[in-house]
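Chemist: One file: upload_7.cif (mmCIF, C-alpha atoms).
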data_model
loop_
_atom_site.group_PDB
_atom_site.id
_atom_site.type_symbol
_atom_site.label_atom_id
_atom_site.label_comp_id
_atom_site.auth_asym_id
_atom_site.auth_seq_id
_atom_site.Cartn_x
_atom_site.Cartn_y
_atom_site.Cartn_z
ATOM 1 C CA MET N 1 -32.314 5.291 1.314
ATOM 2 C CA ASN N 2 -30.300 5.287 -1.883
ATOM 3 C CA GLN N 3 -26.647 4.265 -1.794
ATOM 4 C CA PRO N 4 -23.802 5.710 -3.915
ATOM 5 C CA ALA N 5 -23.220 3.696 -7.071
ATOM 6 C CA ASP N 6 -19.910 2.263 -5.806
ATOM 7 C CA VAL N 7 -21.325 1.097 -2.469
ATOM 8 C CA ARG N 8 -22.912 -2.361 -2.369
ATOM 9 C CA PRO N 9 -24.238 -4.212 0.676
ATOM 10 C CA LEU N 10 -21.361 -5.692 2.656
ATOM 11 C CA GLU N 11 -23.223 -8.960 3.081
ATOM 12 C CA THR N 12 -22.616 -9.766 -0.605
ATOM 13 C CA LEU N 13 -18.886 -10.152 0.091
ATOM 14 C CA GLN N 14 -17.876 -13.773 0.640
ATOM 15 C CA PRO N 15 -15.303 -14.373 3.412
ATOM 16 C CA LEU N 16 -11.749 -15.298 2.481
ATOM 17 C CA GLU N 17 -10.907 -18.960 2.966
ATOM 18 C CA LEU N 18 -7.975 -19.534 5.301
ATOM 19 C CA LEU N 19 -5.726 -22.268 3.874
ATOM 20 C CA PHE N 20 -2.651 -21.914 6.095
ATOM 21 C CA GLU N 21 -1.439 -19.786 8.984
ATOM 22 C CA THR N 22 1.684 -19.867 11.106
ATOM 23 C CA PRO N 23 0.771 -20.171 14.814
ATOM 24 C CA GLY N 24 1.426 -17.302 17.201
ATOM 25 C CA LEU N 25 1.054 -14.336 14.828
ATOM 26 C CA ALA N 26 0.191 -10.903 16.227
ATOM 27 C CA ASP N 27 -3.517 -10.229 16.685
ATOM 28 C CA PHE N 28 -5.161 -6.818 16.954
ATOM 29 C CA GLY N 29 -8.489 -8.323 17.964
ATOM 30 C CA LEU N 30 -10.398 -7.332 14.828
ATOM 31 C CA PRO N 31 -14.075 -6.417 15.165
ATOM 32 C CA LEU N 32 -16.076 -9.614 14.697
ATOM 33 C CA GLU N 33 -17.406 -8.851 11.208
ATOM 34 C CA LEU N 34 -13.967 -7.858 9.938
ATOM 35 C CA ALA N 35 -12.479 -11.076 11.316
ATOM 36 C CA GLU N 36 -15.228 -13.150 9.692
ATOM 37 C CA LEU N 37 -14.696 -11.513 6.285
ATOM 38 C CA TYR N 38 -10.906 -11.764 6.487
ATOM 39 C CA GLY N 39 -11.089 -15.379 7.551
ATOM 40 C CA GLY N 40 -9.365 -14.933 10.888
ATOM 41 C CA SER N 41 -7.176 -12.572 12.846
ATOM 42 C CA LEU N 42 -4.734 -9.898 11.740
ATOM 43 C CA GLY N 43 -2.153 -7.894 13.620
ATOM 44 C CA PHE N 44 1.405 -6.590 13.585
ATOM 45 C CA LEU N 45 4.273 -6.227 15.958
ATOM 46 C CA GLU N 46 5.395 -2.611 16.191
ATOM 47 C CA PRO N 47 7.321 -0.974 14.646
ATOM 48 C CA ARG N 48 6.608 -2.702 11.350
ATOM 49 C CA LEU N 49 6.857 -1.977 7.638
ATOM 50 C CA TYR N 50 4.589 -4.137 5.513
ATOM 51 C CA ALA N 51 3.825 -3.994 1.801
ATOM 52 C CA ASN N 52 0.786 -4.882 -0.288
ATOM 53 C CA PHE N 53 0.722 -5.743 -4.012
ATOM 54 C CA VAL N 54 -1.443 -7.618 -6.473
ATOM 55 C CA ALA N 55 0.355 -9.468 -9.289
ATOM 56 C CA SER N 56 -0.694 -11.390 -12.369
ATOM 57 C CA VAL N 57 0.274 -15.061 -12.690
ATOM 58 C CA ASP N 58 3.282 -13.982 -14.771
ATOM 59 C CA GLY N 59 4.391 -11.425 -12.177
ATOM 60 C CA VAL N 60 3.137 -8.098 -13.552
ATOM 61 C CA VAL N 61 2.160 -5.581 -10.853
ATOM 62 C CA ALA N 62 1.867 -2.389 -12.916
ATOM 63 C CA ILE N 63 1.305 -1.320 -16.507
ATOM 64 C CA PRO N 64 2.685 2.229 -16.857
ATOM 65 C CA THR N 65 0.598 2.975 -19.956
ATOM 66 C CA GLU N 66 -2.652 2.320 -18.037
ATOM 67 C CA THR N 67 -4.119 4.511 -15.298
ATOM 68 C CA GLU N 68 -4.706 2.654 -11.991
ATOM 69 C CA SER N 69 -3.527 -0.561 -13.614
ATOM 70 C CA SER N 70 -3.502 -2.462 -10.307
ATOM 71 C CA GLN N 71 -7.294 -2.604 -10.439
ATOM 72 C CA MET N 72 -7.061 -4.139 -13.904
ATOM 73 C CA ILE N 73 -4.501 -6.695 -12.709
ATOM 74 C CA ALA N 74 -6.710 -7.560 -9.725
ATOM 75 C CA ALA N 75 -9.455 -8.538 -12.212
ATOM 76 C CA GLY N 76 -12.060 -6.547 -10.337
ATOM 77 C CA SER N 77 -11.782 -8.621 -7.168
ATOM 78 C CA LYS N 78 -13.883 -7.056 -4.409
ATOM 79 C CA ARG N 79 -12.132 -9.198 -1.816
ATOM 80 C CA ASP N 80 -8.734 -7.888 -2.921
ATOM 81 C CA ARG N 81 -10.091 -4.361 -2.426
ATOM 82 C CA PHE N 82 -11.438 -5.385 0.992
ATOM 83 C CA VAL N 83 -8.007 -6.636 2.089
ATOM 84 C CA MET N 84 -6.391 -3.460 0.761
ATOM 85 C CA GLY N 85 -8.765 -1.422 2.893
ATOM 86 C CA LEU N 86 -8.109 -3.592 5.953
ATOM 87 C CA LEU N 87 -4.351 -3.167 5.636
ATOM 88 C CA ARG N 88 -4.780 0.595 5.290
ATOM 89 C CA ALA N 89 -7.059 0.623 8.331
ATOM 90 C CA CYS N 90 -4.204 -0.899 10.377
ATOM 91 C CA ALA N 91 -1.567 1.569 9.180
ATOM 92 C CA ASP N 92 -0.301 4.804 10.680
ATOM 93 C CA ALA N 93 1.050 5.816 7.269
ATOM 94 C CA VAL N 94 0.623 4.608 3.693
ATOM 95 C CA LEU N 95 3.914 5.022 1.822
ATOM 96 C CA ILE N 96 4.025 5.417 -1.965
ATOM 97 C CA GLY N 97 6.463 6.639 -4.582
ATOM 98 C CA ALA N 98 5.936 9.532 -6.976
ATOM 99 C CA GLY N 99 5.238 7.095 -9.826
ATOM 100 C CA THR N 100 2.346 5.533 -7.922
ATOM 101 C CA LEU N 101 0.927 8.979 -7.166
ATOM 102 C CA HIS N 102 1.158 9.918 -10.844
ATOM 103 C CA ALA N 103 -0.392 6.632 -12.000
ATOM 104 C CA SER N 104 -3.491 7.199 -9.818
ATOM 105 C CA PRO N 105 -4.600 10.779 -10.576
ATOM 106 C CA ARG N 106 -7.814 10.346 -8.573
ATOM 107 C CA GLY N 107 -6.308 8.143 -5.876
ATOM 108 C CA GLN N 108 -7.124 8.395 -2.189
ATOM 109 C CA TRP N 109 -5.000 6.093 -0.019
ATOM 110 C CA THR N 110 -7.615 5.553 2.675
ATOM 111 C CA ALA N 111 -9.357 2.383 3.830
ATOM 112 C CA GLU N 112 -12.825 3.545 2.822
ATOM 113 C CA HIS N 113 -11.635 4.484 -0.670
ATOM 114 C CA ALA N 114 -10.332 0.958 -1.212
ATOM 115 C CA TYR N 115 -13.625 -0.725 -0.312
ATOM 116 C CA PRO N 116 -16.450 1.690 0.623
ATOM 117 C CA PRO N 117 -18.967 -0.885 1.959
ATOM 118 C CA ALA N 118 -16.626 -1.763 4.841
ATOM 119 C CA ALA N 119 -15.952 1.879 5.809
ATOM 120 C CA PRO N 120 -17.788 1.660 9.184
ATOM 121 C CA LEU N 121 -15.842 -1.493 10.106
ATOM 122 C CA TYR N 122 -12.516 0.067 9.160
ATOM 123 C CA ALA N 123 -13.410 3.148 11.204
ATOM 124 C CA GLU N 124 -14.299 0.967 14.207
ATOM 125 C CA LEU N 125 -10.911 -0.771 14.012
ATOM 126 C CA ARG N 126 -9.105 2.573 13.995
ATOM 127 C CA ARG N 127 -11.165 3.781 16.970
ATOM 128 C CA LEU N 128 -10.377 0.605 18.905
ATOM 129 C CA ARG N 129 -6.675 1.150 18.256
ATOM 130 C CA ASN N 130 -6.849 4.874 19.136
ATOM 131 C CA ARG N 131 -5.720 5.948 15.691
ATOM 132 C CA PRO N 132 -6.794 9.021 13.700
ATOM 133 C CA ALA N 133 -9.682 8.532 11.309
ATOM 134 C CA ARG N 134 -7.310 8.039 8.362
ATOM 135 C CA PRO N 135 -3.646 7.098 7.952
ATOM 136 C CA THR N 136 -1.140 9.691 6.806
ATOM 137 C CA LEU N 137 -0.207 9.541 3.129
ATOM 138 C CA ALA N 138 3.585 9.636 2.740
ATOM 139 C CA VAL N 139 4.901 10.300 -0.773
ATOM 140 C CA VAL N 140 8.561 9.719 -1.625
ATOM 141 C CA SER N 141 9.863 11.981 -4.393
ATOM 142 C CA GLY N 142 13.528 12.866 -4.335
ATOM 143 C CA SER N 143 13.098 15.319 -7.212
ATOM 144 C CA GLY N 144 9.909 16.918 -5.893
ATOM 145 C CA ARG N 145 8.283 16.466 -9.285
ATOM 146 C CA ILE N 146 4.733 15.698 -8.189
ATOM 147 C CA ASP N 147 1.351 17.267 -8.852
ATOM 148 C CA PRO N 148 0.736 19.648 -5.917
ATOM 149 C CA HIS N 149 -2.996 19.549 -6.669
ATOM 150 C CA HIS N 150 -3.337 15.764 -6.430
ATOM 151 C CA PRO N 151 -6.404 14.905 -4.290
ATOM 152 C CA GLY N 152 -4.350 12.464 -2.242
ATOM 153 C CA LEU N 153 -2.480 15.427 -0.740
ATOM 154 C CA ALA N 154 -5.655 17.098 0.484
ATOM 155 C CA GLU N 155 -5.558 15.542 3.981
ATOM 156 C CA ARG N 156 -2.719 14.491 6.334
ATOM 157 C CA ALA N 157 0.051 14.103 3.766
ATOM 158 C CA LEU N 158 3.835 14.136 3.956
ATOM 159 C CA VAL N 159 6.151 14.619 0.984
ATOM 160 C CA LEU N 160 9.558 13.108 1.715
ATOM 161 C CA THR N 161 12.016 14.729 -0.656
ATOM 162 C CA SER N 162 15.526 16.119 -1.010
ATOM 163 C CA GLU N 163 16.457 19.709 -0.282
ATOM 164 C CA GLN N 164 16.467 20.271 -4.051
ATOM 165 C CA GLY N 165 12.989 18.746 -4.284
ATOM 166 C CA ALA N 166 11.760 20.913 -1.447
ATOM 167 C CA ALA N 167 13.033 23.995 -3.247
ATOM 168 C CA ARG N 168 11.256 22.894 -6.434
ATOM 169 C CA LEU N 169 7.960 22.413 -4.600
ATOM 170 C CA GLY N 170 8.282 25.676 -2.718
ATOM 171 C CA ASP N 171 4.912 26.730 -1.308
ATOM 172 C CA ARG N 172 2.804 25.014 -3.989
ATOM 173 C CA LEU N 173 1.517 22.209 -1.777
ATOM 174 C CA PRO N 174 -1.797 22.520 0.113
ATOM 175 C CA ARG N 175 -1.700 23.297 3.823
ATOM 176 C CA SER N 176 -2.623 19.688 4.549
ATOM 177 C CA ALA N 177 0.715 18.524 3.100
ATOM 178 C CA THR N 178 4.065 18.874 4.843
ATOM 179 C CA ILE N 179 7.461 18.716 3.168
ATOM 180 C CA VAL N 180 10.040 16.573 4.961
ATOM 181 C CA PRO N 181 13.528 17.236 3.533
ATOM 182 C CA ILE N 182 15.855 14.217 3.614
ATOM 183 C CA GLY N 183 19.356 14.781 2.272
ATOM 184 C CA SER N 184 20.463 17.372 -0.234
ATOM 185 C CA GLU N 185 19.936 15.527 -3.521
ATOM 186 C CA SER N 186 17.883 12.800 -5.168
ATOM 187 C CA PRO N 187 17.664 9.841 -4.685
ATOM 188 C CA ILE N 188 16.964 9.945 -0.974
ATOM 189 C CA ASP N 189 18.112 7.298 1.482
ATOM 190 C CA PRO N 190 15.372 4.719 2.218
ATOM 191 C CA VAL N 191 16.651 4.206 5.771
ATOM 192 C CA ALA N 192 16.429 7.947 6.467
ATOM 193 C CA THR N 193 12.951 7.965 4.935
ATOM 194 C CA ILE N 194 11.623 5.333 7.330
ATOM 195 C CA GLU N 195 13.443 6.895 10.282
ATOM 196 C CA ALA N 196 11.746 10.207 9.518
ATOM 197 C CA LEU N 197 8.317 8.579 9.442
ATOM 198 C CA ARG N 198 8.888 6.723 12.702
ATOM 199 C CA ALA N 199 10.195 9.876 14.345
ATOM 200 C CA GLY N 200 6.810 11.385 13.523
ATOM 201 C CA GLY N 201 4.995 8.597 15.382
ATOM 202 C CA HIS N 202 4.242 6.346 12.403
ATOM 203 C CA THR N 203 5.156 2.943 13.794
ATOM 204 C CA LEU N 204 3.068 0.873 11.360
ATOM 205 C CA ILE N 205 3.909 1.750 7.756
ATOM 206 C CA LEU N 206 2.169 0.210 4.756
ATOM 207 C CA CYS N 207 4.049 0.420 1.447
ATOM 208 C CA GLU N 208 1.824 0.315 -1.649
ATOM 209 C CA GLY N 209 4.556 0.828 -4.200
ATOM 210 C CA GLY N 210 5.701 1.210 -6.638
ATOM 211 C CA PRO N 211 8.098 -1.583 -7.494
ATOM 212 C CA THR N 212 11.142 0.710 -7.478
ATOM 213 C CA LEU N 213 10.428 2.022 -3.978
ATOM 214 C CA PHE N 214 9.641 -1.509 -2.753
ATOM 215 C CA GLY N 215 12.955 -2.742 -4.182
ATOM 216 C CA GLU N 216 14.893 0.018 -2.434
ATOM 217 C CA LEU N 217 13.200 -0.675 0.898
ATOM 218 C CA THR N 218 13.759 -4.425 0.555
ATOM 219 C CA ALA N 219 17.428 -3.998 -0.383
ATOM 220 C CA ALA N 220 17.883 -1.891 2.743
ATOM 221 C CA GLY N 221 16.368 -4.653 4.894
ATOM 222 C CA LEU N 222 13.413 -2.509 5.917
ATOM 223 C CA VAL N 223 10.438 -4.615 4.752
ATOM 224 C CA ASP N 224 9.108 -6.942 7.451
ATOM 225 C CA GLU N 225 6.058 -8.459 5.722
ATOM 226 C CA LEU N 226 4.653 -8.664 2.193
ATOM 227 C CA PHE N 227 0.990 -9.209 1.382
ATOM 228 C CA LEU N 228 0.926 -10.474 -2.198
ATOM 229 C CA THR N 229 -2.308 -11.329 -3.987
ATOM 230 C CA LEU N 230 -1.917 -13.574 -7.024
ATOM 231 C CA SER N 231 -4.576 -12.731 -9.603
ATOM 232 C CA PRO N 232 -5.680 -15.445 -12.073
ATOM 233 C CA LEU N 233 -4.606 -13.423 -15.110
ATOM 234 C CA LEU N 234 -1.740 -13.567 -17.597
ATOM 235 C CA ALA N 235 -0.677 -10.013 -18.416
ATOM 236 C CA GLY N 236 2.057 -10.756 -20.948
ATOM 237 C CA ARG N 237 4.925 -8.540 -22.050
ATOM 238 C CA SER N 238 6.275 -7.160 -25.282
ATOM 239 C CA ALA N 239 9.414 -5.323 -26.353
ATOM 240 C CA THR N 240 7.487 -2.085 -26.864
ATOM 241 C CA ASP N 241 5.199 -2.103 -23.783
ATOM 242 C CA ARG N 242 7.221 -2.368 -20.581
ATOM 243 C CA ARG N 243 5.345 -3.898 -17.677
ATOM 244 C CA LEU N 244 6.645 -3.792 -14.147
ATOM 245 C CA SER N 245 7.312 -6.719 -11.832
ATOM 246 C CA LEU N 246 7.240 -6.713 -8.040
ATOM 247 C CA VAL N 247 10.829 -5.441 -7.777
ATOM 248 C CA GLU N 248 12.280 -2.929 -10.233
ATOM 249 C CA GLY N 249 15.685 -1.261 -10.238
ATOM 250 C CA THR N 250 17.179 -3.619 -7.639
ATOM 251 C CA GLU N 251 18.879 -6.955 -8.255
ATOM 252 C CA PHE N 252 19.172 -9.693 -5.621
ATOM 253 C CA LEU N 253 20.235 -12.728 -7.683
ATOM 254 C CA PRO N 254 22.791 -13.912 -8.598
ATOM 255 C CA GLY N 255 24.406 -13.332 -5.272
ATOM 256 C CA SER N 256 22.354 -13.143 -2.119
ATOM 257 C CA GLY N 257 18.626 -13.483 -2.633
ATOM 258 C CA VAL N 258 16.010 -12.353 -0.152
ATOM 259 C CA ASP N 259 14.644 -15.305 1.819
ATOM 260 C CA CYS N 260 10.892 -15.283 2.396
ATOM 261 C CA LYS N 261 8.778 -17.348 4.797
ATOM 262 C CA LEU N 262 5.084 -18.061 4.269
ATOM 263 C CA LEU N 263 3.038 -16.752 7.205
ATOM 264 C CA THR N 264 -0.534 -17.020 5.932
ATOM 265 C CA LEU N 265 -2.354 -18.193 2.810
ATOM 266 C CA ARG N 266 -5.918 -17.280 1.930
ATOM 267 C CA ARG N 267 -8.111 -17.913 -1.093
ATOM 268 C CA ALA N 268 -10.852 -15.832 -2.640
ATOM 269 C CA GLY N 269 -12.155 -17.803 -5.610
ATOM 270 C CA SER N 270 -9.178 -18.109 -7.957
ATOM 271 C CA HIS N 271 -7.256 -15.343 -6.168
ATOM 272 C CA THR N 272 -4.742 -16.317 -3.491
ATOM 273 C CA SER N 273 -3.039 -14.053 -0.980
#
Can you present the structure in this file as structure tokens?

Modeler:
Amino acid sequence: MNQPADVRPLETLQPLELLFETPGLADFGLPLELAELYGGSLGFLEPRLYANFVASVDGVVAIPTETESSQMIAAGSKRDRFVMGLLRACADAVLIGAGTLHASPRGQWTAEHAYPPAAPLYAELRRLRNRPARPTLAVVSGSGRIDPHHPGLAERALVLTSEQGAARLGDRLPRSATIVPIGSESPIDPVATIEALRAGGHTLILCEGGPTLFGELTAAGLVDELFLTLSPLLAGRSATDRRLSLVEGTEFLPGSGVDCKLLTLRRAGSHTS
């Protein structure tokens, strides 16, 4: 039987090497093959908001002039894509900003889209946890200026926007997408955004960006865990080509920085996460 061009045998994927892990972390009881490939267990206390990014050595997470630049920054790492899929497979909702939606015109924020060879394993994990086949896509856009025909909105999507944004969108979204008005004007309150998602039963929320949304959520004290893959690339910056770091639009230092504690460390070749 022929396989699609983007699907390669799962056995070609080398397991991640576990370098460090804090004892006593939550454990979902991953299916055996998933646990072997991930290099151990994975789980979350609930409710939980966790984020996932890949960054270059010099801290670049997005290049606005390039479509789907995160794949470029990840240097084609299949294991980074595998982890992305695993984190999506755990989530009730994948939360992104309008900029991330725009930067990925063909994007599908599902586990199987991240790494197709592991699709049956991701599906098994969701069945074991009594979750729907795919997480809900939640898009934050206070202005409502998003493409209503984006393929990511074609199944189980929420658009969290202001009343003004809702009026702008009108009835242009597909039936699979639901508008959730939050406040009267843009920008919308990050706390109210997460409260609205949790009120809808989304207790595990995965944030995949962008850096502005992540900064707002972090400043509001809403982010519980960050999965950060360090890619062995230097991206560089210039005065004419702005490149985004992990946090944009929010300043923590000088003043009170955000303290972080290392929970796990894994290696995949020259990538660490």

Chemist: Select, from N:Ala154, N:Leu253, N:Val180, N:Leu234, the residue with the minimum atom-to-atom distance to Gly200 (chain N), counting all atoms listed in the file.

Modeler: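 Of the candidates, the smallest distance to Gly200 (chain N) is held by N:Val180.
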
Chemist: Using all atoms listed in the file, find the one residue out of N:Asn52, N:Ser245, N:Thr67, N:Thr272 that sits nearest to Phe227 (chain N).

Modeler: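 Smallest separation from Phe227 (chain N) among the options: N:Asn52.
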
Chemist: Taking the file as shown, what set of residues would the PyMOL selection byres ((chain N and resi 121) around 10) give back, as a PyMOL selection string?

Modeler: chain N and resi 30-34+86+89+111-112+117-120+122-127

Chemist: Which is closest to Leu244 (chain N) among N:Ala26, N:Ala51, N:Ala62, N:Leu37, if we use only C-alpha atoms?

Modeler: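 The answer is N:Ala62, which sits nearest to Leu244 (chain N).
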
Chemist: Between CA of Gly85 (chain N) and CA of Asp27 (chain N), what is the distance, to one decimal in Å?

Modeler: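 These atoms are spaced 17.2 Å apart.
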
Chemist: Kindly provide the residues of region 110-141 of chain N that approach region 206-209 of chain N to within 12 Å, each paired with its closest atom pair and their distance in Å to one decimal, based on all atoms listed in the file, listed by chain and increasing number, as JSON lines.

Modeler:
{"residue": "N:Thr110", "atom": "CA", "partner": "N:Leu206", "partner_atom": "CA", "distance": 11.3}
{"residue": "N:Ala111", "atom": "CA", "partner": "N:Leu206", "partner_atom": "CA", "distance": 11.8}
{"residue": "N:Pro135", "atom": "CA", "partner": "N:Leu206", "partner_atom": "CA", "distance": 9.6}
{"residue": "N:Thr136", "atom": "CA", "partner": "N:Leu206", "partner_atom": "CA", "distance": 10.2}
{"residue": "N:Leu137", "atom": "CA", "partner": "N:Leu206", "partner_atom": "CA", "distance": 9.8}
{"residue": "N:Ala138", "atom": "CA", "partner": "N:Cys207", "partner_atom": "CA", "distance": 9.3}
{"residue": "N:Val139", "atom": "CA", "partner": "N:Gly209", "partner_atom": "CA", "distance": 10.1}
{"residue": "N:Val140", "atom": "CA", "partner": "N:Gly209", "partner_atom": "CA", "distance": 10.1}

Chemist: Neighbouring residues of Ser77 (chain N) were defined as those with any atom within 10 Å, considering all atoms listed in the file; residues of the same chain fewer than 4 positions away were excluded. Please report them as a PyMOL selection string.

Modeler: chain N and resi 71-73+81-82+231+268-271

Chemist: If you measure from CA of Val94 (chain N) to CA of Ile188 (chain N), what distance in Å do you get, rounded to one decimal?

Modeler: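 Atom-to-atom, CA of Val94 (chain N) to CA of Ile188 (chain N), that is 17.8 Å.
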
Chemist: Kindly resolve the PyMOL selection byres ((chain N and resi 265) around 8) on the present coordinates and return the residues as a ChimeraX atom specification.

Modeler: /N:18-21,262-264,266-267,272-273

Chemist: Return the single residue from N:Asp224, N:Leu153, N:Thr161, N:Leu213 that is closest to Arg175 (chain N), with distances computed using only C-alpha atoms.

Modeler: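 Distance minimum relative to Arg175 (chain N) lands on N:Leu153.
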
Chemist: List every protein, DNA or RNA residue with an atom no more than 8 Å from (8.8, 1.1, -10.7) in the file's coordinates, counting only C-alpha atoms, and format the result as a list in words.

Modeler: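 It turns out the residues near that spot are Gly99, Gly209, Gly210, Pro211, Thr212, Leu213, Leu244, Val247, Glu248 and Gly249 of chain N.
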
Chemist: Please compute the CA of Ala220 (chain N)-CA of Asp58 (chain N) distance, one decimal, in Å.

Modeler: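 Atom-to-atom, CA of Ala220 (chain N) to CA of Asp58 (chain N), that is 25.8 Å.
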
Chemist: Taking all atoms of region 73-77 of chain N that the file lists and extending 5 Å past them on each side, where is the centre of the axis-aligned box and how long are its edges? Answer in Å to one decimal, as lines of an AutoDock Vina configuration file.

Modeler:
center_x = -8.3
center_y = -7.6
center_z = -9.9
size_x = 17.6
size_y = 12.1
size_z = 15.5

Chemist: Return the single residue from N:Pro105, N:Pro15, N:Pro151, N:Pro64 that is closest to Asp241 (chain N), with distances computed using all atoms listed in the file.

Modeler: N:Pro64

Chemist: Please extract region 203-223 of chain N and write it out with N, CA and C atoms, as a PDB file, in the first residue's frame.

Modeler:
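Saved file part_28.pdb follows:
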ATOM      1  N   THR N 203     -10.438  22.306  29.938  1.00  0.00           N
ATOM      2  CA  THR N 203      -9.620  22.437  31.133  1.00  0.00           C
ATOM      3  C   THR N 203      -8.127  22.417  30.826  1.00  0.00           C
ATOM      4  N   LEU N 204      -7.731  21.748  29.750  1.00  0.00           N
ATOM      5  CA  LEU N 204      -6.333  21.731  29.325  1.00  0.00           C
ATOM      6  C   LEU N 204      -6.208  22.551  28.055  1.00  0.00           C
ATOM      7  N   ILE N 205      -5.502  23.677  28.154  1.00  0.00           N
ATOM      8  CA  ILE N 205      -5.389  24.618  27.037  1.00  0.00           C
ATOM      9  C   ILE N 205      -3.932  24.721  26.632  1.00  0.00           C
ATOM     10  N   LEU N 206      -3.663  24.494  25.364  1.00  0.00           N
ATOM     11  CA  LEU N 206      -2.320  24.616  24.807  1.00  0.00           C
ATOM     12  C   LEU N 206      -2.235  25.906  24.003  1.00  0.00           C
ATOM     13  N   CYS N 207      -1.326  26.799  24.383  1.00  0.00           N
ATOM     14  CA  CYS N 207      -1.103  28.035  23.640  1.00  0.00           C
ATOM     15  C   CYS N 207       0.054  27.829  22.672  1.00  0.00           C
ATOM     16  N   GLU N 208      -0.185  28.076  21.379  1.00  0.00           N
ATOM     17  CA  GLU N 208       0.861  27.987  20.370  1.00  0.00           C
ATOM     18  C   GLU N 208       1.182  29.353  19.763  1.00  0.00           C
ATOM     19  N   GLY N 209       0.904  30.396  20.501  1.00  0.00           N
ATOM     20  CA  GLY N 209       1.317  31.718  20.048  1.00  0.00           C
ATOM     21  C   GLY N 209       0.197  32.541  19.474  1.00  0.00           C
ATOM     22  N   GLY N 210       0.680  33.672  19.040  1.00  0.00           N
ATOM     23  CA  GLY N 210       2.053  34.090  18.939  1.00  0.00           C
ATOM     24  C   GLY N 210       2.635  34.719  20.185  1.00  0.00           C
ATOM     25  N   PRO N 211       3.808  35.345  19.999  1.00  0.00           N
ATOM     26  CA  PRO N 211       4.523  35.933  21.125  1.00  0.00           C
ATOM     27  C   PRO N 211       3.756  37.033  21.856  1.00  0.00           C
ATOM     28  N   THR N 212       2.912  37.764  21.143  1.00  0.00           N
ATOM     29  CA  THR N 212       2.126  38.817  21.804  1.00  0.00           C
ATOM     30  C   THR N 212       1.086  38.206  22.724  1.00  0.00           C
ATOM     31  N   LEU N 213       0.352  37.211  22.219  1.00  0.00           N
ATOM     32  CA  LEU N 213      -0.651  36.528  23.040  1.00  0.00           C
ATOM     33  C   LEU N 213       0.017  35.840  24.222  1.00  0.00           C
ATOM     34  N   PHE N 214       1.146  35.175  24.000  1.00  0.00           N
ATOM     35  CA  PHE N 214       1.855  34.499  25.087  1.00  0.00           C
ATOM     36  C   PHE N 214       2.279  35.508  26.142  1.00  0.00           C
ATOM     37  N   GLY N 215       2.763  36.674  25.726  1.00  0.00           N
ATOM     38  CA  GLY N 215       3.152  37.712  26.681  1.00  0.00           C
ATOM     39  C   GLY N 215       1.988  38.186  27.514  1.00  0.00           C
ATOM     40  N   GLU N 216       0.829  38.376  26.890  1.00  0.00           N
ATOM     41  CA  GLU N 216      -0.356  38.824  27.620  1.00  0.00           C
ATOM     42  C   GLU N 216      -0.800  37.780  28.640  1.00  0.00           C
ATOM     43  N   LEU N 217      -0.793  36.518  28.237  1.00  0.00           N
ATOM     44  CA  LEU N 217      -1.199  35.447  29.144  1.00  0.00           C
ATOM     45  C   LEU N 217      -0.219  35.318  30.303  1.00  0.00           C
ATOM     46  N   THR N 218       1.074  35.442  30.014  1.00  0.00           N
ATOM     47  CA  THR N 218       2.091  35.337  31.057  1.00  0.00           C
ATOM     48  C   THR N 218       1.986  36.502  32.035  1.00  0.00           C
ATOM     49  N   ALA N 219       1.801  37.711  31.512  1.00  0.00           N
ATOM     50  CA  ALA N 219       1.675  38.888  32.378  1.00  0.00           C
ATOM     51  C   ALA N 219       0.477  38.781  33.302  1.00  0.00           C
ATOM     52  N   ALA N 220      -0.562  38.081  32.846  1.00  0.00           N
ATOM     53  CA  ALA N 220      -1.759  37.904  33.668  1.00  0.00           C
ATOM     54  C   ALA N 220      -1.639  36.723  34.619  1.00  0.00           C
ATOM     55  N   GLY N 221      -0.490  36.043  34.622  1.00  0.00           N
ATOM     56  CA  GLY N 221      -0.269  34.924  35.523  1.00  0.00           C
ATOM     57  C   GLY N 221      -1.047  33.676  35.156  1.00  0.00           C
ATOM     58  N   LEU N 222      -1.328  33.508  33.871  1.00  0.00           N
ATOM     59  CA  LEU N 222      -2.190  32.409  33.434  1.00  0.00           C
ATOM     60  C   LEU N 222      -1.427  31.196  32.908  1.00  0.00           C
ATOM     61  N   VAL N 223      -0.156  31.360  32.560  1.00  0.00           N
ATOM     62  CA  VAL N 223       0.616  30.268  31.955  1.00  0.00           C
ATOM     63  C   VAL N 223       1.236  29.417  33.060  1.00  0.00           C
TER      64      VAL N 223
END
